[in-house]
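J.: Okay, so here is data_4.pdb, and as you'll see once you scroll down, it has PDB, C-alpha atoms.
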ATOM      1  CA  MET A1435       0.000   0.000   0.000  1.00  0.00           C
ATOM      2  CA  TYR A1436       1.314   3.419  -0.953  1.00  0.00           C
ATOM      3  CA  PRO A1437       1.125   6.463   1.304  1.00  0.00           C
ATOM      4  CA  LYS A1438      -1.550   8.839  -0.019  1.00  0.00           C
ATOM      5  CA  GLY A1439       0.951  11.447  -1.248  1.00  0.00           C
ATOM      6  CA  ARG A1440       3.047   8.914  -3.115  1.00  0.00           C
ATOM      7  CA  GLY A1441      -0.024   7.361  -4.730  1.00  0.00           C
ATOM      8  CA  SER A1442      -1.145  10.780  -5.925  1.00  0.00           C
ATOM      9  CA  GLN A1443       2.303  11.493  -7.368  1.00  0.00           C
ATOM     10  CA  THR A1444       2.339   8.116  -9.123  1.00  0.00           C
ATOM     11  CA  ARG A1445      -1.104   8.739 -10.659  1.00  0.00           C
ATOM     12  CA  SER A1446       0.004  12.185 -11.786  1.00  0.00           C
ATOM     13  CA  ARG A1447       3.155  10.734 -13.359  1.00  0.00           C
ATOM     14  CA  PHE A1448       1.074   8.072 -15.115  1.00  0.00           C
ATOM     15  CA  PHE A1449      -1.201  10.663 -16.705  1.00  0.00           C
ATOM     16  CA  THR A1450       1.826  12.722 -17.767  1.00  0.00           C
ATOM     17  CA  VAL A1451       3.317   9.631 -19.439  1.00  0.00           C
ATOM     18  CA  LEU A1452      -0.018   8.752 -21.057  1.00  0.00           C
ATOM     19  CA  GLY A1453      -0.374  12.316 -22.347  1.00  0.00           C
ATOM     20  CA  GLN A1454       3.136  12.246 -23.812  1.00  0.00           C
ATOM     21  CA  TYR A1455       2.471   8.863 -25.390  1.00  0.00           C
ATOM     22  CA  MET A1456      -0.797  10.037 -26.955  1.00  0.00           C
ATOM     23  CA  ALA A1457       0.405  13.529 -27.994  1.00  0.00           C
ATOM     24  CA  PRO A1458       1.534  12.534 -31.519  1.00  0.00           C
ATOM     25  CA  VAL A1459      -1.785  10.769 -32.223  1.00  0.00           C
ATOM     26  CA  PRO A1460      -4.145  13.115 -34.085  1.00  0.00           C
ATOM     27  CA  ALA A1461      -7.885  13.155 -33.438  1.00  0.00           C
ATOM     28  CA  ALA A1462     -10.193  11.508 -35.975  1.00  0.00           C
ATOM     29  CA  GLY A1463     -10.665  14.921 -37.617  1.00  0.00           C
ATOM     30  CA  GLY A1464      -6.893  15.176 -38.137  1.00  0.00           C
ATOM     31  CA  LEU A1465      -6.307  17.950 -35.598  1.00  0.00           C
ATOM     32  CA  PRO A1466      -4.160  17.776 -32.453  1.00  0.00           C
ATOM     33  CA  VAL A1467      -6.121  16.928 -29.311  1.00  0.00           C
ATOM     34  CA  ASN A1468      -5.528  16.927 -25.571  1.00  0.00           C
ATOM     35  CA  TRP A1469      -6.309  13.273 -24.975  1.00  0.00           C
ATOM     36  CA  ILE A1470      -6.172  13.531 -21.185  1.00  0.00           C
ATOM     37  CA  ASN A1471      -8.682  16.417 -21.022  1.00  0.00           C
ATOM     38  CA  TYR A1472     -10.710  15.505 -24.088  1.00  0.00           C
ATOM     39  CA  LYS A1473     -13.350  18.102 -24.920  1.00  0.00           C
ATOM     40  CA  THR A1474     -16.430  16.564 -26.529  1.00  0.00           C
ATOM     41  CA  GLY A1475     -17.912  19.971 -27.337  1.00  0.00           C
ATOM     42  CA  VAL A1476     -21.244  18.856 -25.874  1.00  0.00           C
ATOM     43  CA  LYS A1477     -21.698  20.044 -22.272  1.00  0.00           C
ATOM     44  CA  PRO A1478     -23.304  16.945 -20.691  1.00  0.00           C
ATOM     45  CA  VAL A1479     -21.001  14.442 -22.459  1.00  0.00           C
ATOM     46  CA  PHE A1480     -17.545  13.567 -21.115  1.00  0.00           C
ATOM     47  CA  PHE A1481     -14.834  10.998 -21.723  1.00  0.00           C
ATOM     48  CA  ARG A1482     -13.933   9.700 -18.272  1.00  0.00           C
ATOM     49  CA  ILE A1483     -11.051   7.592 -16.943  1.00  0.00           C
ATOM     50  CA  GLU A1484     -11.403   6.112 -13.470  1.00  0.00           C
ATOM     51  CA  MET A1485      -8.708   4.107 -11.743  1.00  0.00           C
ATOM     52  CA  PRO A1486      -9.866   2.414  -8.581  1.00  0.00           C
ATOM     53  CA  GLU A1487      -7.229   0.510  -6.610  1.00  0.00           C
ATOM     54  CA  LYS A1488      -7.346  -2.501  -8.946  1.00  0.00           C
ATOM     55  CA  GLY A1489      -8.453  -2.049 -12.530  1.00  0.00           C
ATOM     56  CA  CYS A1490      -9.276   0.813 -14.838  1.00  0.00           C
ATOM     57  CA  GLU A1491     -12.595   1.964 -16.267  1.00  0.00           C
ATOM     58  CA  PHE A1492     -12.856   4.197 -19.280  1.00  0.00           C
ATOM     59  CA  GLY A1493     -15.732   5.479 -21.351  1.00  0.00           C
ATOM     60  CA  ILE A1494     -18.377   8.077 -22.060  1.00  0.00           C
ATOM     61  CA  GLU A1495     -20.354   9.647 -19.243  1.00  0.00           C
ATOM     62  CA  VAL A1496     -23.460  11.756 -19.578  1.00  0.00           C
ATOM     63  CA  PHE A1497     -24.225  14.055 -16.673  1.00  0.00           C
ATOM     64  CA  HIS A1498     -27.048  16.551 -16.417  1.00  0.00           C
ATOM     65  CA  HIS A1499     -28.840  17.848 -13.319  1.00  0.00           C
ATOM     66  CA  ASP A1500     -32.147  17.134 -15.045  1.00  0.00           C
ATOM     67  CA  PRO A1501     -32.510  13.327 -15.242  1.00  0.00           C
ATOM     68  CA  SER A1502     -34.859  13.515 -18.250  1.00  0.00           C
ATOM     69  CA  ILE A1503     -32.251  15.453 -20.266  1.00  0.00           C
ATOM     70  CA  ARG A1504     -29.507  13.014 -19.208  1.00  0.00           C
ATOM     71  CA  VAL A1505     -31.678  10.118 -20.398  1.00  0.00           C
ATOM     72  CA  GLN A1506     -32.340  11.923 -23.711  1.00  0.00           C
ATOM     73  CA  TYR A1507     -28.603  12.070 -24.377  1.00  0.00           C
ATOM     74  CA  PHE A1508     -28.106   8.454 -23.384  1.00  0.00           C
ATOM     75  CA  ARG A1509     -30.957   7.249 -25.578  1.00  0.00           C
ATOM     76  CA  ARG A1510     -29.520   9.217 -28.494  1.00  0.00           C
ATOM     77  CA  LEU A1511     -26.212   7.432 -27.894  1.00  0.00           C
ATOM     78  CA  GLN A1512     -28.084   4.118 -27.894  1.00  0.00           C
ATOM     79  CA  THR A1513     -29.393   4.839 -31.402  1.00  0.00           C
ATOM     80  CA  PHE A1514     -25.762   4.605 -32.544  1.00  0.00           C
ATOM     81  CA  HIS A1515     -25.069   1.320 -30.724  1.00  0.00           C
ATOM     82  CA  ALA A1516     -24.251  -0.591 -33.925  1.00  0.00           C
ATOM     83  CA  LEU A1517     -21.863   2.127 -35.122  1.00  0.00           C
ATOM     84  CA  PHE A1518     -20.233   2.256 -31.687  1.00  0.00           C
ATOM     85  CA  THR A1519     -19.793  -1.523 -31.567  1.00  0.00           C
ATOM     86  CA  ALA A1520     -18.371  -1.582 -35.094  1.00  0.00           C
ATOM     87  CA  GLY A1521     -15.603   0.819 -34.085  1.00  0.00           C
ATOM     88  CA  ALA A1522     -15.012   0.138 -30.402  1.00  0.00           C
ATOM     89  CA  GLY A1523     -15.970  -3.523 -30.091  1.00  0.00           C
ATOM     90  CA  ALA A1524     -18.775  -5.326 -28.313  1.00  0.00           C
ATOM     91  CA  GLY A1525     -17.346  -5.597 -24.799  1.00  0.00           C
ATOM     92  CA  TRP A1526     -18.590  -2.216 -23.536  1.00  0.00           C
ATOM     93  CA  THR A1527     -21.217  -1.883 -20.799  1.00  0.00           C
ATOM     94  CA  TRP A1528     -24.140   0.504 -21.388  1.00  0.00           C
ATOM     95  CA  THR A1529     -25.748   1.804 -18.186  1.00  0.00           C
ATOM     96  CA  GLU A1530     -28.553   4.361 -18.156  1.00  0.00           C
ATOM     97  CA  GLN A1531     -28.275   5.077 -14.430  1.00  0.00           C
ATOM     98  CA  PHE A1532     -25.053   4.812 -12.442  1.00  0.00           C
ATOM     99  CA  SER A1533     -23.804   6.509  -9.270  1.00  0.00           C
ATOM    100  CA  SER A1534     -20.423   8.087 -10.048  1.00  0.00           C
ATOM    101  CA  VAL A1535     -17.517   8.323  -7.622  1.00  0.00           C
ATOM    102  CA  GLU A1536     -18.688  11.887  -6.889  1.00  0.00           C
ATOM    103  CA  GLY A1537     -22.124  10.517  -5.936  1.00  0.00           C
ATOM    104  CA  GLN A1538     -23.840  11.934  -9.032  1.00  0.00           C
ATOM    105  CA  ILE A1539     -26.248   9.919 -11.132  1.00  0.00           C
ATOM    106  CA  VAL A1540     -24.826   9.572 -14.640  1.00  0.00           C
ATOM    107  CA  SER A1541     -25.401   7.481 -17.723  1.00  0.00           C
ATOM    108  CA  ARG A1542     -22.350   5.763 -19.075  1.00  0.00           C
ATOM    109  CA  ILE A1543     -20.802   3.532 -21.665  1.00  0.00           C
ATOM    110  CA  TYR A1544     -17.606   2.007 -20.370  1.00  0.00           C
ATOM    111  CA  ASP A1545     -15.024  -0.703 -20.692  1.00  0.00           C
ATOM    112  CA  ARG A1546     -12.908  -2.111 -17.881  1.00  0.00           C
ATOM    113  CA  ILE A1547      -9.572  -3.824 -17.520  1.00  0.00           C
ATOM    114  CA  GLU A1548      -8.994  -5.942 -14.407  1.00  0.00           C
ATOM    115  CA  ASN A1549      -5.945  -6.886 -12.339  1.00  0.00           C
ATOM    116  CA  VAL A1550      -3.864  -3.801 -13.073  1.00  0.00           C
ATOM    117  CA  SER A1551      -2.975  -0.857 -10.880  1.00  0.00           C
ATOM    118  CA  VAL A1552      -1.860   2.622 -11.797  1.00  0.00           C
ATOM    119  CA  LEU A1553       0.306   2.451  -8.668  1.00  0.00           C
ATOM    120  CA  ASN A1554       2.338  -0.421 -10.159  1.00  0.00           C
ATOM    121  CA  GLU A1555       4.548   0.930 -12.946  1.00  0.00           C
ATOM    122  CA  ASN A1556       4.875  -2.608 -14.327  1.00  0.00           C
ATOM    123  CA  ASP A1557       1.157  -2.377 -15.209  1.00  0.00           C
ATOM    124  CA  TRP A1558       1.509   0.897 -17.091  1.00  0.00           C
ATOM    125  CA  PRO A1559       2.105  -0.678 -20.536  1.00  0.00           C
ATOM    126  CA  ALA A1560      -1.166  -2.642 -20.232  1.00  0.00           C
ATOM    127  CA  LEU A1561      -3.026   0.440 -18.976  1.00  0.00           C
ATOM    128  CA  ILE A1562      -1.626   2.651 -21.731  1.00  0.00           C
ATOM    129  CA  ALA A1563      -2.487   0.089 -24.426  1.00  0.00           C
ATOM    130  CA  PHE A1564      -6.038  -0.242 -23.033  1.00  0.00           C
ATOM    131  CA  LEU A1565      -6.564   3.513 -22.829  1.00  0.00           C
ATOM    132  CA  LYS A1566      -4.953   4.259 -26.187  1.00  0.00           C
ATOM    133  CA  GLN A1567      -7.226   1.816 -27.966  1.00  0.00           C
ATOM    134  CA  GLY A1568     -10.273   3.147 -26.102  1.00  0.00           C
ATOM    135  CA  LEU A1569      -9.462   6.828 -26.585  1.00  0.00           C
ATOM    136  CA  ILE A1570      -8.921   6.404 -30.320  1.00  0.00           C
ATOM    137  CA  ALA A1571     -12.125   4.354 -30.697  1.00  0.00           C
ATOM    138  CA  LEU A1572     -14.249   6.820 -28.709  1.00  0.00           C
ATOM    139  CA  ASP A1573     -12.788   9.780 -30.581  1.00  0.00           C
ATOM    140  CA  ALA A1574     -13.545   8.163 -33.946  1.00  0.00           C
ATOM    141  CA  PHE A1575     -17.105   7.380 -32.826  1.00  0.00           C
ATOM    142  CA  TRP A1576     -17.644  10.855 -31.406  1.00  0.00           C
ATOM    143  CA  TYR A1577     -16.304  12.461 -34.590  1.00  0.00           C
ATOM    144  CA  LEU A1578     -19.014  10.650 -36.563  1.00  0.00           C
ATOM    145  CA  VAL A1579     -21.958  11.339 -34.233  1.00  0.00           C
ATOM    146  CA  LYS A1580     -21.246  14.612 -32.398  1.00  0.00           C
ATOM    147  CA  GLU A1581     -23.424  16.715 -34.690  1.00  0.00           C
ATOM    148  CA  GLN A1582     -26.388  14.462 -33.915  1.00  0.00           C
ATOM    149  CA  PHE A1583     -26.467  15.954 -30.402  1.00  0.00           C
ATOM    150  CA  ASP A1584     -26.694  19.606 -31.454  1.00  0.00           C
ATOM    151  CA  ASP A1585     -30.483  19.683 -31.202  1.00  0.00           C
ATOM    152  CA  LEU A1586     -30.603  18.418 -27.610  1.00  0.00           C
ATOM    153  CA  PRO A1587     -30.894  20.883 -24.707  1.00  0.00           C
TER     154      PRO A1587
END
Could you write out this file's structure as structure tokens?

T.:
Amino acid sequence: MYPKGRGSQTRSRFFTVLGQYMAPVPAAGGLPVNWINYKTGVKPVFFRIEMPEKGCEFGIEVFHHDPSIRVQYFRRLQTFHALFTAGAGAGWTWTEQFSSVEGQIVSRIYDRIENVSVLNENDWPALIAFLKQGLIALDAFWYLVKEQFDDLP
């Protein structure tokens, strides 16, 4: 077990390394992108990376204070399920209502890798490979469907 300060430093270092690794990879539209702080351009939609003690979860989260609006966004995402699966694969979990680590109710589409820890630098290659594949797949999907969310509140 790492002391809290050391764990925080290790996580920070991991995200710096991931950012450096992803920096040369252009977004689906061909432009540079900040992969670590990816901006979807749609307020309630986020790309989220969570790293509990063991494992890593990554995906799309929809958060809105109004549950009916959050569900509208999620259901719009569901209409593109086949397109999403074609690009990102079939192993993703789709959840309309989930309690986030902040205690907020969100909708999410996520994938998870087990038995790795951001605190163990030996696991970083597996984590980076998992996140790289996921980030590129989500970006490609989002590039194709983003405009379909312009009419939502």

J.: I'd like the neighbourhood of Ile1503 (chain A) as a compact mmCIF listing (two decimals) with C-alpha atoms, in the frame of the given file, where a residue qualifies if any of its atoms comes within 12 Å (using all atoms listed in the file), though same-chain residues fewer than 2 positions away should be ignored.

T.:
# COMPACT_ATOMS: atom_id res chain seq x y z
CA LYS A 1477 -21.70 20.04 -22.27
CA PRO A 1478 -23.30 16.94 -20.69
CA VAL A 1479 -21.00 14.44 -22.46
CA VAL A 1496 -23.46 11.76 -19.58
CA PHE A 1497 -24.22 14.06 -16.67
CA HIS A 1498 -27.05 16.55 -16.42
CA HIS A 1499 -28.84 17.85 -13.32
CA ASP A 1500 -32.15 17.13 -15.04
CA PRO A 1501 -32.51 13.33 -15.24
CA VAL A 1505 -31.68 10.12 -20.40
CA GLN A 1506 -32.34 11.92 -23.71
CA TYR A 1507 -28.60 12.07 -24.38
CA PHE A 1508 -28.11 8.45 -23.38
CA ARG A 1509 -30.96 7.25 -25.58
CA ARG A 1510 -29.52 9.22 -28.49
CA GLU A 1530 -28.55 4.36 -18.16
CA VAL A 1540 -24.83 9.57 -14.64
CA SER A 1541 -25.40 7.48 -17.72
CA PHE A 1583 -26.47 15.95 -30.40
CA ASP A 1585 -30.48 19.68 -31.20
CA LEU A 1586 -30.60 18.42 -27.61
CA PRO A 1587 -30.89 20.88 -24.71

J.: Write out as a PyMOL selection string which residues come within 10 Å of region 1512-1514 of chain A when counting only C-alpha atoms, dropping same-chain ones fewer than 5 positions away.

T.: chain A and resi 1506-1507+1519-1520+1528+1530+1543+1575+1578-1579+1582

J.: Do you have the CA of Glu1581 (chain A)-CA of Phe1564 (chain A) distance handy?

T.: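 That distance, rounded to one decimal, is 26.9 Å.
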
J.: So, with only C-alpha atoms as the atoms that count, which of A:Lys1580, A:Gly1568, A:Lys1488, A:Gly1464 lies closest to Leu1511 (chain A)?

T.: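 Among the listed residues, A:Lys1580 lies closest to Leu1511 (chain A).
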
J.: Can you list, as a ChimeraX atom specification, the residues that the PyMOL selection byres ((chain A and resi 1545) around 8) selects here?

T.: /A:1491-1493,1525-1527,1543-1544,1546-1547

J.: Kindly resolve the PyMOL selection byres ((chain A and resi 1550) around 8) on the present coordinates and return the residues as a list in words.

T.: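 For this structure, the PyMOL selection byres ((chain A and resi 1550) around 8) resolves to Lys1488, Gly1489, Cys1490, Ile1547, Glu1548, Asn1549, Ser1551, Val1552, Asn1554, Asp1557, Ala1560 and Leu1561 of chain A.
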
J.: Do you have the CA of Ile1539 (chain A)-CA of Arg1504 (chain A) distance handy?

T.: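 Calculated distance between CA of Ile1539 (chain A) and CA of Arg1504 (chain A) is 9.2 Å.
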
J.: Give me the residues within 10 Å of Tyr1455 (chain A) as a list in words, counting all atoms listed in the file and dropping any in the same chain fewer than 5 places off.

T.: Phe1449, Thr1450, Trp1469, Ile1562 and Lys1566 of chain A

J.: With distances taken over only C-alpha atoms, which residue among A:Glu1555, A:Phe1518, A:Asp1573, A:Gly1523 lies nearest Phe1448 (chain A)?

T.: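 When distances to Phe1448 (chain A) are compared using only C-alpha atoms, the smallest one comes from A:Glu1555.
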
J.: Quick one: residues within 9 Å of Leu1572 (chain A), only C-alpha atoms counted, chain neighbours fewer than 5 positions away excluded, as a ChimeraX atom specification?

T.: /A:1481,1493-1494,1518,1521-1522,1567,1577

J.: Could you check which of A:Ala1457, A:Gly1475, A:Thr1444, A:Ala1462 is closest to Leu1553 (chain A), using all atoms listed in the file?

T.: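 Answer, going by the shortest atom-to-atom distance: A:Thr1444.
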
J.: Quick one: 6 Å padding each side, axis-aligned, all listed atoms of region 1512-1522 of chain A - centre and edge lengths in Å to one decimal, as lines of an AutoDock Vina configuration file?

T.:
center_x = -22.2
center_y = 1.6
center_z = -31.5
size_x = 26.4
size_y = 18.4
size_z = 19.2

J.: Grab the CA of Gly1441 (chain A) to CA of Asn1556 (chain A) distance for me, in Å with one decimal place.

T.: 14.7 Å

J.: Have a look at A:Asn1471, A:Gln1454, A:Ala1461, A:Met1485 and name the one nearest to Ser1442 (chain A); count all atoms listed in the file.

T.: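 So, comparing all the options, the nearest one is A:Met1485.
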
J.: Can you sort out region 1494-1523 of chain A so it carries N, CA and C atoms, written as a PDB file, keeping the file's coordinate frame?

T.:
ATOM      1  N   ILE A1494     -17.595   6.860 -21.887  1.00  0.00           N
ATOM      2  CA  ILE A1494     -18.377   8.077 -22.060  1.00  0.00           C
ATOM      3  C   ILE A1494     -19.328   8.190 -20.881  1.00  0.00           C
ATOM      4  N   GLU A1495     -19.379   9.379 -20.288  1.00  0.00           N
ATOM      5  CA  GLU A1495     -20.354   9.647 -19.243  1.00  0.00           C
ATOM      6  C   GLU A1495     -21.235  10.800 -19.670  1.00  0.00           C
ATOM      7  N   VAL A1496     -22.511  10.679 -19.337  1.00  0.00           N
ATOM      8  CA  VAL A1496     -23.460  11.756 -19.578  1.00  0.00           C
ATOM      9  C   VAL A1496     -23.955  12.212 -18.218  1.00  0.00           C
ATOM     10  N   PHE A1497     -23.748  13.498 -17.930  1.00  0.00           N
ATOM     11  CA  PHE A1497     -24.225  14.055 -16.673  1.00  0.00           C
ATOM     12  C   PHE A1497     -25.046  15.299 -16.958  1.00  0.00           C
ATOM     13  N   HIS A1498     -26.221  15.347 -16.388  1.00  0.00           N
ATOM     14  CA  HIS A1498     -27.048  16.551 -16.417  1.00  0.00           C
ATOM     15  C   HIS A1498     -27.872  16.560 -15.139  1.00  0.00           C
ATOM     16  N   HIS A1499     -28.057  17.748 -14.555  1.00  0.00           N
ATOM     17  CA  HIS A1499     -28.840  17.848 -13.319  1.00  0.00           C
ATOM     18  C   HIS A1499     -30.281  17.400 -13.519  1.00  0.00           C
ATOM     19  N   ASP A1500     -30.781  17.559 -14.733  1.00  0.00           N
ATOM     20  CA  ASP A1500     -32.147  17.134 -15.045  1.00  0.00           C
ATOM     21  C   ASP A1500     -32.086  15.699 -15.577  1.00  0.00           C
ATOM     22  N   PRO A1501     -32.600  14.728 -14.816  1.00  0.00           N
ATOM     23  CA  PRO A1501     -32.510  13.327 -15.242  1.00  0.00           C
ATOM     24  C   PRO A1501     -33.147  13.058 -16.605  1.00  0.00           C
ATOM     25  N   SER A1502     -34.206  13.767 -16.953  1.00  0.00           N
ATOM     26  CA  SER A1502     -34.859  13.515 -18.250  1.00  0.00           C
ATOM     27  C   SER A1502     -33.953  13.937 -19.412  1.00  0.00           C
ATOM     28  N   ILE A1503     -33.183  15.012 -19.216  1.00  0.00           N
ATOM     29  CA  ILE A1503     -32.251  15.453 -20.266  1.00  0.00           C
ATOM     30  C   ILE A1503     -31.088  14.473 -20.369  1.00  0.00           C
ATOM     31  N   ARG A1504     -30.588  14.012 -19.201  1.00  0.00           N
ATOM     32  CA  ARG A1504     -29.507  13.014 -19.208  1.00  0.00           C
ATOM     33  C   ARG A1504     -29.943  11.774 -19.977  1.00  0.00           C
ATOM     34  N   VAL A1505     -31.158  11.311 -19.730  1.00  0.00           N
ATOM     35  CA  VAL A1505     -31.678  10.118 -20.398  1.00  0.00           C
ATOM     36  C   VAL A1505     -31.841  10.374 -21.895  1.00  0.00           C
ATOM     37  N   GLN A1506     -32.240  11.594 -22.284  1.00  0.00           N
ATOM     38  CA  GLN A1506     -32.340  11.923 -23.711  1.00  0.00           C
ATOM     39  C   GLN A1506     -30.992  11.725 -24.405  1.00  0.00           C
ATOM     40  N   TYR A1507     -29.942  12.218 -23.802  1.00  0.00           N
ATOM     41  CA  TYR A1507     -28.603  12.070 -24.377  1.00  0.00           C
ATOM     42  C   TYR A1507     -28.212  10.594 -24.460  1.00  0.00           C
ATOM     43  N   PHE A1508     -28.471   9.869 -23.392  1.00  0.00           N
ATOM     44  CA  PHE A1508     -28.106   8.454 -23.384  1.00  0.00           C
ATOM     45  C   PHE A1508     -28.886   7.684 -24.448  1.00  0.00           C
ATOM     46  N   ARG A1509     -30.151   7.958 -24.570  1.00  0.00           N
ATOM     47  CA  ARG A1509     -30.957   7.249 -25.578  1.00  0.00           C
ATOM     48  C   ARG A1509     -30.519   7.612 -26.993  1.00  0.00           C
ATOM     49  N   ARG A1510     -30.071   8.843 -27.192  1.00  0.00           N
ATOM     50  CA  ARG A1510     -29.520   9.217 -28.494  1.00  0.00           C
ATOM     51  C   ARG A1510     -28.250   8.422 -28.757  1.00  0.00           C
ATOM     52  N   LEU A1511     -27.410   8.269 -27.740  1.00  0.00           N
ATOM     53  CA  LEU A1511     -26.212   7.432 -27.894  1.00  0.00           C
ATOM     54  C   LEU A1511     -26.600   6.004 -28.257  1.00  0.00           C
ATOM     55  N   GLN A1512     -27.643   5.485 -27.617  1.00  0.00           N
ATOM     56  CA  GLN A1512     -28.084   4.118 -27.894  1.00  0.00           C
ATOM     57  C   GLN A1512     -28.504   3.925 -29.345  1.00  0.00           C
ATOM     58  N   THR A1513     -28.999   4.978 -29.992  1.00  0.00           N
ATOM     59  CA  THR A1513     -29.393   4.839 -31.402  1.00  0.00           C
ATOM     60  C   THR A1513     -28.186   4.551 -32.287  1.00  0.00           C
ATOM     61  N   PHE A1514     -26.992   4.840 -31.790  1.00  0.00           N
ATOM     62  CA  PHE A1514     -25.762   4.605 -32.544  1.00  0.00           C
ATOM     63  C   PHE A1514     -25.008   3.381 -32.026  1.00  0.00           C
ATOM     64  N   HIS A1515     -25.708   2.497 -31.330  1.00  0.00           N
ATOM     65  CA  HIS A1515     -25.069   1.320 -30.724  1.00  0.00           C
ATOM     66  C   HIS A1515     -24.308   0.490 -31.757  1.00  0.00           C
ATOM     67  N   ALA A1516     -24.906   0.239 -32.893  1.00  0.00           N
ATOM     68  CA  ALA A1516     -24.251  -0.591 -33.925  1.00  0.00           C
ATOM     69  C   ALA A1516     -22.979   0.088 -34.443  1.00  0.00           C
ATOM     70  N   LEU A1517     -23.036   1.383 -34.660  1.00  0.00           N
ATOM     71  CA  LEU A1517     -21.863   2.127 -35.122  1.00  0.00           C
ATOM     72  C   LEU A1517     -20.773   2.112 -34.045  1.00  0.00           C
ATOM     73  N   PHE A1518     -21.178   2.288 -32.800  1.00  0.00           N
ATOM     74  CA  PHE A1518     -20.233   2.256 -31.687  1.00  0.00           C
ATOM     75  C   PHE A1518     -19.544   0.895 -31.615  1.00  0.00           C
ATOM     76  N   THR A1519     -20.328  -0.168 -31.666  1.00  0.00           N
ATOM     77  CA  THR A1519     -19.793  -1.523 -31.567  1.00  0.00           C
ATOM     78  C   THR A1519     -18.869  -1.838 -32.743  1.00  0.00           C
ATOM     79  N   ALA A1520     -19.216  -1.338 -33.922  1.00  0.00           N
ATOM     80  CA  ALA A1520     -18.371  -1.582 -35.094  1.00  0.00           C
ATOM     81  C   ALA A1520     -16.977  -0.979 -34.914  1.00  0.00           C
ATOM     82  N   GLY A1521     -16.891   0.163 -34.252  1.00  0.00           N
ATOM     83  CA  GLY A1521     -15.603   0.819 -34.085  1.00  0.00           C
ATOM     84  C   GLY A1521     -14.880   0.479 -32.805  1.00  0.00           C
ATOM     85  N   ALA A1522     -15.631   0.311 -31.716  1.00  0.00           N
ATOM     86  CA  ALA A1522     -15.012   0.138 -30.402  1.00  0.00           C
ATOM     87  C   ALA A1522     -15.048  -1.299 -29.908  1.00  0.00           C
ATOM     88  N   GLY A1523     -15.856  -2.137 -30.531  1.00  0.00           N
ATOM     89  CA  GLY A1523     -15.970  -3.523 -30.091  1.00  0.00           C
ATOM     90  C   GLY A1523     -17.223  -3.724 -29.254  1.00  0.00           C
TER      91      GLY A1523
END
